[in-house]
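In what follows, a structure is listed as C-alpha cells, so that the remarks can point back to it.
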Amino acid sequence: MLQNTVIGLIASILLALIKLLAGIFGRSSALVADAVESLADTVGSILVWQAVRVAARPPDPRHPYGYGKAEAVAAMAVGGLLVVAAIFIVVKAIQEILVPHEAPAAWTLIVLGLVVAIKELLFRFVMQGAAELNSDAARADAWHHRSDAITSAAAFIGVSIAIWGPQWTGIPTLVFADEAAAFLASGIILITAVSLIQPALYELLDAASDEMARDVRRIAGQVEGVCEIEKVYVRKSGSGYHVDMHLHVSPDLSIRVAHALAGKVKAVLQQALPNLVSVLIHVEPAEEGPE
C-alpha cells in the first residue's frame, strides 16, 4: 500500500507542476486553477498520512487520551489550505476577466487530456491495492486521483469552449469560458474544504456523538444488573471514541460487586463497539420508586 501511495504521490506532484507551467505559458486560468487544486490536494494527502501515523501512537503520561485528534488538526489545516487556494484562483480569474486577453493555447488541451487519462489510471492502480489490503485510507487516496481527473475534465471543457467557441459561434465573450471553468474549480475546492473543516471542528470542540451515544445506551442497558443509564457522553478522537457514563445499579450491591458490574458493562461495550478507546463509568445507587 505504501508503495502505491508513494507512486501516486510522485505522479500527482509532477502532473500538478506540468499543469501549472502549461497554464502559465498557455494563458489558461482553468489550467492554473486545476494545478493549484492538485498541489493543495497533494500537500493535504501528505499531511493526512502523517497525521494518521501520529494518531496511531498509543497513549502516554503526557497524552493519556492518545493522539487521535491529530487527524482533526490535519483536516483543519488541509481545509484552510484549500480555502486559500480557492481565493487565489478566484482573484486570478477576476484579473483575467478585467484585462483583455487571447484565448488559451490549443496545445493546453493535449496536456489536460493526458492528465485526465493518467489520473484515471492512477485511480484504478491505487484502488486495486486498497481492495487487496481493505484500507479505507488508501481508498480515500485513490478517490483523490479520481476527483482530480474530474476537475481536469471540467477544465478541458472550459478551455475547449474558450478556444473554439468564439470562432464557431461568433460570440467573442466565450473566451471567458476559461475563467468560468476556474470559478467552477474554486467552488468545488470550497465545498471540499467545508466538508473537511466542519467535522474536524466538531471533533476538536468535543461535540457530542449522538449516534454512538445511542448505541452505547442501548447495549449497556441490556446487561443484567443495570437498572438505569442516566448520562452518556461520547466524544470522537481520530477513529476512536471516548465514553463517560453514569450507571445506576441496585443500592443493595456491595462496592466490589458494583465495580465488577461496571467492568462487565465496559467489556460488553468494547466488544460490541471496537472503536471505543476508553469507557469511564460512574456507578450510582438506583432510586427505588413507590411501591
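Starting from 1 in every chain, residues are counted up; chains themselves are A, B, ... following the order of the C-alpha cells, and ligands are numbered from 1 as listed.
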| Spatial neighbours of Ala213 in chain A, max dist 7 Å, only C-alpha atoms, sep filter under 5 positions, as JSON, numbers by chain | {"A": [232, 233, 234]}
| field | Residues within 8 Å of Ala30 in chain A, only C-alpha atoms, excluding chain neighbours under 6 positions, as a ChimeraX atom specification | value | /A:23,155,158-159,178-182,185
| request: Would you please work out which residue, of A:Val84, A:Ala142, A:Leu15, A:Ala56, is nearest to Met127 in chain A when using only C-alpha atoms? | output: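 With only C-alpha atoms as the atom set, the closest residue is A:Ala142.
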| query | Can you list, as a PyMOL selection string, every residue of range 136-249 of chain A that DSSP puts in alpha helix (DSSP H)? | reply | chain A and resi 136-169+177-204+210-221
| message | Need to verify the contact set: Ala11 in chain A, 9 Å, only C-alpha atoms, exclusion of same-chain residues closer than 4 positions in sequence. Can you return it as a PyMOL selection string? | response | chain A and resi 6-7+15-16+118-119+122
Keeping only C-alpha atoms, take the residues you just selected and write them out as a JSON list (two decimals), in the first residue's frame.
```json
[["chain", "number", "residue", "atom", "x", "y", "z"],
["A", 6, "VAL", "CA", 4.31, 6.93, -2.99],
["A", 7, "ILE", "CA", 3.96, 6.26, -6.72],
["A", 15, "LEU", "CA", 1.38, 16.36, -13.09],
["A", 16, "ALA", "CA", 0.48, 19.39, -10.97],
["A", 118, "ILE", "CA", -3.11, 9.34, -16.23],
["A", 119, "LYS", "CA", -5.20, 10.30, -13.19],
["A", 122, "LEU", "CA", -3.72, 6.09, -11.03]]
```
| request: Can you work out which one of A:Gln222, A:Ser237, A:Ser152, A:Ser12 has the shortest atom-to-atom distance to Val265 in chain A, counting only C-alpha atoms? | output: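 Of all the options, A:Gln222 lies closest to Val265 in chain A.
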| request: Could you give me, as a list in words, the residues within 9 Å of range 270-283 of chain A, counting only C-alpha atoms and dropping anything in the same chain fewer than 3 positions from it? | output: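 Near neighbours after the sequence-gap exclusion: Tyr65, Met212, Asp215, Val216, Ile219, Ser237, Ser239, Gly240, Tyr241, His242, Val243, Asp244, Met245, His246, Leu247, His248, Val249, Ala258, His259, Ala262, Gly263, Val265, Lys266 and Ala267 of chain A.
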Pick out the residues sitting within 12 Å of Thr173 in chain A, and hand them over as a JSON list (two decimals) with C-alpha atoms, in the first residue's frame; count only C-alpha atoms, and ignore anything fewer than 3 positions along from it in its own chain.
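Output file selection06.json is given in full below:
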```json
[["chain", "number", "residue", "atom", "x", "y", "z"],
["A", 97, "ILE", "CA", -11.61, 38.93, -16.95],
["A", 100, "PRO", "CA", -8.50, 41.71, -22.28],
["A", 101, "HIS", "CA", -6.60, 38.59, -23.32],
["A", 102, "GLU", "CA", -6.36, 35.97, -26.03],
["A", 103, "ALA", "CA", -7.86, 32.51, -25.83],
["A", 161, "ILE", "CA", -15.12, 26.44, -25.37],
["A", 162, "ALA", "CA", -12.73, 29.36, -24.84],
["A", 163, "ILE", "CA", -10.59, 28.28, -27.82],
["A", 164, "TRP", "CA", -13.20, 27.22, -30.37],
["A", 165, "GLY", "CA", -16.37, 28.95, -29.14],
["A", 166, "PRO", "CA", -15.67, 32.47, -30.49],
["A", 167, "GLN", "CA", -14.67, 31.08, -33.91],
["A", 169, "THR", "CA", -20.38, 30.94, -32.84],
["A", 170, "GLY", "CA", -19.08, 34.46, -33.44],
["A", 176, "PHE", "CA", -14.16, 33.77, -20.76],
["A", 177, "ALA", "CA", -15.29, 30.13, -20.53],
["A", 178, "ASP", "CA", -11.74, 29.51, -19.38],
["A", 179, "GLU", "CA", -12.29, 31.77, -16.37],
["A", 180, "ALA", "CA", -15.75, 30.24, -15.82]]
```
| said: Using only C-alpha atoms for the distances, tell me which of A:Gln198, A:Thr108, A:Gln95, A:Thr192 is nearest to Ser160 in chain A. | reply: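 With only C-alpha atoms as the atom set, the closest residue is A:Thr108.
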If you count only C-alpha atoms, which residues fall within 6 Å of range 75-81 of chain A, apart from same-chain ones fewer than 4 positions away, as an mmCIF file with C-alpha atoms, in the first residue's frame?
```
data_model
loop_
_atom_site.group_PDB
_atom_site.id
_atom_site.type_symbol
_atom_site.label_atom_id
_atom_site.label_comp_id
_atom_site.auth_asym_id
_atom_site.auth_seq_id
_atom_site.Cartn_x
_atom_site.Cartn_y
_atom_site.Cartn_z
ATOM 1 C CA GLY A 44 -3.196 17.678 2.006
ATOM 2 C CA ALA A 193 -12.802 22.492 2.290
ATOM 3 C CA LEU A 196 -13.144 18.729 5.858
ATOM 4 C CA ILE A 197 -13.320 21.668 8.267
#
```
| Which neighbours of range 87-94 of chain A fall inside 8 Å, counting only C-alpha atoms, when residues of the same chain fewer than 5 positions from it are skipped, and could you give them as number ranges by chain? | A: 29, 32-33, 36, 179, 182-183, 186
| When you draw a straight line from CA of Ala117 in chain A to CA of Leu21 in chain A, how long is it in Å? |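 For CA of Ala117 in chain A relative to CA of Leu21 in chain A, the distance reads 18.7 Å.
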